[in-house]
Amino acid sequence: MTTSTTPHPRYPGFDDLDLGALSRRTGVKWARAVEAGVLPSWVADMDFPVAPEIRDALKDVIDRGDLGYPNWLGGTPLRAEFARRMSDRYGWQVDPADVREQTDLIQALQLILRLGTRPGDAVVIQTPNYPPFLATIETMGRRTVEFPFLDTENGWVLDFDEFERTLAQNRPKVLVLVNPHNPTGRVHTRGELERIAELAERYGLLVISDEIHAELIYEPHRHIPFASISDDAASRTVTVTSAGKAFNLAGLRCAVLHYGPTDLLAVRDNEPPDLYGAVSVLGVVGSLAAWQHGQAWQDSLIRVLDRNRARVHDVLTRALPEARHHLPEATYLSWVNVSALPVDDPIDRIRRAGRVLVDGGTPFGKTGGRFIRINFATSEALLDRVLSGITVALTGGHTDPAAPLTELDPCTLT
């Protein structure tokens with residue numbers, strides 16, 4: 001095999017990552033206990049530095065020493081900013097009075113399930129799906145009803161006939177909708193969302209719409225907030241999002257929820273003060289800086305990720321033709337079917353033989369057993385090293401664990 005000679009543009013600030021600095025990070029992506037020399041490509045964090053505008057805003061707060069008790073009695077400024085952003089980007093008009101804050105999407109899901117369901121109630125969720133969502137439904141004693149995507153020659157599709165049979169048989173109380181979808185990278189079309197809205201109305205579903213990947217979409221695809229589909233969809237949907245995914249701010253622990261169901265919001269507001277915690281000063285400041293001043297950085301990010309998703313697709317198509325992979329329409333995650341390869345445990349094989357840690361498997365749902373998820377939000381050089389490790393491992397080779405990462409030649413990339 002030969003190294004690809006296809007030229008790729010380089011992006012300062014994105015392609016000049018320092019491996020030593022990355023390896024000293026204390027977040028879960030880089031600090032997870034694995035063998036030395038294993039590159040992480042699993043959890044959905046990006047390797048890129050924070051946008052300068054966000055960094056400066058956070059630094060200003062620290063320089064002022066403004067880290068006392070926050071003044072959130074009337075809500076944070078994020079409520080109005082979220083409403084403005086939804087209007088400007090999607091033409092969706094929301095009332096800031098219907099917006100609340102939580103620390104992250106997992107807490108938001110747990111809160112809504114606690115307020116809107118009881119143990120034993122059925123929750124329908126698209127699969128494969130984000131493992132903490134599936135674990136939440138199970139550990140809260142709700143009954144998981146999977147609605148699988150279908151893997152076709154033309155990409156991932158929804159089988160609405162099967163979806164309707166699932167609703168009729170299980171009578172769930174809640175639909176967890178993830179759009180754009182993690183891990184397949186699908187962006188739901190307006191027609192699909194209209195059909196989902198029609199079924200949600202017919203079966204009386206509360207919809208929890210996770211839209212955290214909405215700002216990580218590639219042309220020509222477009223995000224459509226589910227609650228903007230119709231008045232009925234708006235009235236039954238809790239929309240959950242954050243600046244955390246598109247600007248790599250998960251550690252700031254700040255998300256926003258828009259409540260369409262006014263009765264659910266009333267129940268939420270009658271809970272004891274701060275029962276679910278409160279968002280931090282830095283979380284609000286960082287999110288505001290991202291949404292108000294981060295557009296130029298985000299535009300560059302999308303160009304980098306667009307290049308990287310094409311790189312993943314090109315390498316896997318050439319080096320692992322037996323693997324099945326669809327170019328993601330959104331996110332910085334590739335979901336790859338490796339069931340045709342003669343490997344019993346692909347994740348373990350890639351870690352041991354390829355020196356790369358990827359995600360995947362049954363934690364993503366019953367259909368995820370022979371899939372791997374690759375995070376391509378890293379520099380061009382590190383991505384090539386990740387892809388080299390994966391292809392070497394899945395074609396029966398080994399990466400030398402003693403070789404410095406910076407000296408490994410991605411010779412398997414064709």
# chains A, B, ... in the order shown; residues from 1 in each chain; ligands from 1
call {"tool": "residues_around", "arguments": {"residues": "Asp161 (chain A)", "least_positions_apart": "2", "cutoff": "12 Å", "atoms": "only C-alpha atoms", "output": "number ranges by chain"}}
result
A: 147-148, 157-159, 163-168, 195-196, 199
call {"tool": "select_by_dssp", "arguments": {"residues": "region 208-273 of chain A", "states": "strand (DSSP E)", "output": "list of chain:residue names"}}
result
A:Ile208, A:Ser209, A:Asp210, A:Thr237, A:Val238, A:Thr239, A:Val240, A:Thr241, A:Ala255, A:Val256, A:Leu257, A:His258, A:Tyr259
call {"tool": "closest_residue", "arguments": {"among": "A:Val187, A:Phe48, A:Leu73, A:Glu146", "to": "Leu305 (chain A)", "atoms": "only C-alpha atoms"}}
result
A:Phe48
call {"tool": "residues_around", "arguments": {"residues": "Ser209 (chain A)", "least_positions_apart": "3", "cutoff": "10 Å", "atoms": "only C-alpha atoms", "output": "number ranges by chain"}}
result
A: 109, 175-180, 206, 212, 225-227, 237-241, 257-258
call {"tool": "write_last_selection", "arguments": {"atoms": "N, CA and C atoms", "output": "mmCIF file, in the first residue's frame"}}
result
data_model
loop_
_atom_site.group_PDB
_atom_site.id
_atom_site.type_symbol
_atom_site.label_atom_id
_atom_site.label_comp_id
_atom_site.auth_asym_id
_atom_site.auth_seq_id
_atom_site.Cartn_x
_atom_site.Cartn_y
_atom_site.Cartn_z
ATOM 1 N N LEU A 109 -32.213 14.990 30.040
ATOM 2 C CA LEU A 109 -33.028 13.808 29.760
ATOM 3 C C LEU A 109 -33.569 13.210 31.049
ATOM 4 N N LEU A 175 -40.835 9.942 23.114
ATOM 5 C CA LEU A 175 -39.899 9.685 22.020
ATOM 6 C C LEU A 175 -38.652 10.531 22.267
ATOM 7 N N VAL A 176 -37.489 9.867 22.296
ATOM 8 C CA VAL A 176 -36.212 10.581 22.329
ATOM 9 C C VAL A 176 -35.707 10.664 20.895
ATOM 10 N N LEU A 177 -35.697 11.888 20.374
ATOM 11 C CA LEU A 177 -35.290 12.154 18.997
ATOM 12 C C LEU A 177 -33.912 12.813 19.022
ATOM 13 N N VAL A 178 -32.960 12.248 18.301
ATOM 14 C CA VAL A 178 -31.613 12.812 18.236
ATOM 15 C C VAL A 178 -31.369 13.278 16.805
ATOM 16 N N ASN A 179 -31.312 14.581 16.603
ATOM 17 C CA ASN A 179 -31.223 15.160 15.260
ATOM 18 C C ASN A 179 -30.391 16.443 15.289
ATOM 19 N N PRO A 180 -29.235 16.431 14.589
ATOM 20 C CA PRO A 180 -28.619 15.355 13.838
ATOM 21 C C PRO A 180 -28.298 14.151 14.724
ATOM 22 N N LEU A 206 -44.751 12.655 24.270
ATOM 23 C CA LEU A 206 -43.861 13.733 24.666
ATOM 24 C C LEU A 206 -42.554 13.517 23.918
ATOM 25 N N ILE A 212 -28.072 18.892 19.875
ATOM 26 C CA ILE A 212 -26.777 19.431 20.246
ATOM 27 C C ILE A 212 -25.779 19.437 19.079
ATOM 28 N N PRO A 225 -35.253 22.563 13.440
ATOM 29 C CA PRO A 225 -35.692 22.220 14.800
ATOM 30 C C PRO A 225 -37.028 21.480 14.746
ATOM 31 N N PHE A 226 -37.124 20.372 15.468
ATOM 32 C CA PHE A 226 -38.354 19.582 15.419
ATOM 33 C C PHE A 226 -39.552 20.404 15.878
ATOM 34 N N ALA A 227 -39.380 21.231 16.882
ATOM 35 C CA ALA A 227 -40.502 22.009 17.413
ATOM 36 C C ALA A 227 -41.002 23.060 16.429
ATOM 37 N N THR A 237 -42.940 19.244 22.584
ATOM 38 C CA THR A 237 -41.505 18.996 22.465
ATOM 39 C C THR A 237 -40.695 19.805 23.468
ATOM 40 N N VAL A 238 -39.759 19.123 24.127
ATOM 41 C CA VAL A 238 -38.708 19.787 24.896
ATOM 42 C C VAL A 238 -37.441 19.694 24.064
ATOM 43 N N THR A 239 -36.946 20.837 23.618
ATOM 44 C CA THR A 239 -35.731 20.884 22.798
ATOM 45 C C THR A 239 -34.526 21.106 23.699
ATOM 46 N N VAL A 240 -33.505 20.294 23.498
ATOM 47 C CA VAL A 240 -32.320 20.338 24.345
ATOM 48 C C VAL A 240 -31.096 20.593 23.468
ATOM 49 N N THR A 241 -30.289 21.588 23.849
ATOM 50 C CA THR A 241 -29.089 21.872 23.072
ATOM 51 C C THR A 241 -28.060 22.555 23.954
ATOM 52 N N LEU A 257 -32.704 24.261 27.667
ATOM 53 C CA LEU A 257 -33.891 23.517 27.282
ATOM 54 C C LEU A 257 -35.001 24.498 26.947
ATOM 55 N N HIS A 258 -35.673 24.236 25.838
ATOM 56 C CA HIS A 258 -36.883 24.991 25.522
ATOM 57 C C HIS A 258 -38.082 24.075 25.756
#
call {"tool": "closest_residue", "arguments": {"among": "A:Gly37, A:Pro70, A:Pro328, A:Gly65", "to": "Phe376 (chain A)", "atoms": "only C-alpha atoms"}}
result
A:Pro328
call {"tool": "closest_residue", "arguments": {"among": "A:Val267, A:Ile112, A:Ala323, A:Ile347", "to": "Thr362 (chain A)", "atoms": "only C-alpha atoms"}}
result
A:Ile347
call {"tool": "atom_distance", "arguments": {"atom1": "CA of Leu17 (chain A)", "atom2": "CA of Ala330 (chain A)"}}
result
23.1 Å
call {"tool": "closest_residue", "arguments": {"among": "A:Pro172, A:Gly68, A:Gly191, A:Gly155", "to": "Arg324 (chain A)", "atoms": "only C-alpha atoms"}}
result
A:Gly155
call {"tool": "residues_around", "arguments": {"residues": "Pro119 (chain A)", "least_positions_apart": "6", "cutoff": "12 Å", "atoms": "only C-alpha atoms", "output": "PyMOL selection string"}}
result
chain A and resi 113+137-144+173
call {"tool": "select_by_dssp", "arguments": {"residues": "region 91-173 of chain A", "states": "alpha helix (DSSP H)", "output": "ChimeraX atom specification"}}
result
/A:105-116,131-139,160-170
call {"tool": "closest_residue", "arguments": {"among": "A:Asn170, A:Asn154, A:Ser230, A:Thr127", "to": "His325 (chain A)", "atoms": "only C-alpha atoms"}}
result
A:Asn154
call {"tool": "residues_around", "arguments": {"residues": "region 38-47 of chain A", "least_positions_apart": "6", "cutoff": "6 Å", "atoms": "only C-alpha atoms", "output": "VMD selection string"}}
result
chain A and resid 29 355 to 359 374 to 375 377 to 378
call {"tool": "residues_around", "arguments": {"residues": "Tyr218 (chain A)", "least_positions_apart": "6", "cutoff": "8 Å", "atoms": "only C-alpha atoms", "output": "NGL selection string"}}
result
:A and (302 or 306 or 329-330)
call {"tool": "closest_residue", "arguments": {"among": "A:Phe133, A:Tyr90, A:Phe82, A:Trp72", "to": "Gly277 (chain A)", "atoms": "only C-alpha atoms"}}
result
A:Trp72
call {"tool": "atom_distance", "arguments": {"atom1": "CA of Leu383 (chain A)", "atom2": "CA of Lys366 (chain A)"}}
result
28.6 Å
call {"tool": "atom_distance", "arguments": {"atom1": "CA of His181 (chain A)", "atom2": "CA of Pro128 (chain A)"}}
result
9.1 Å
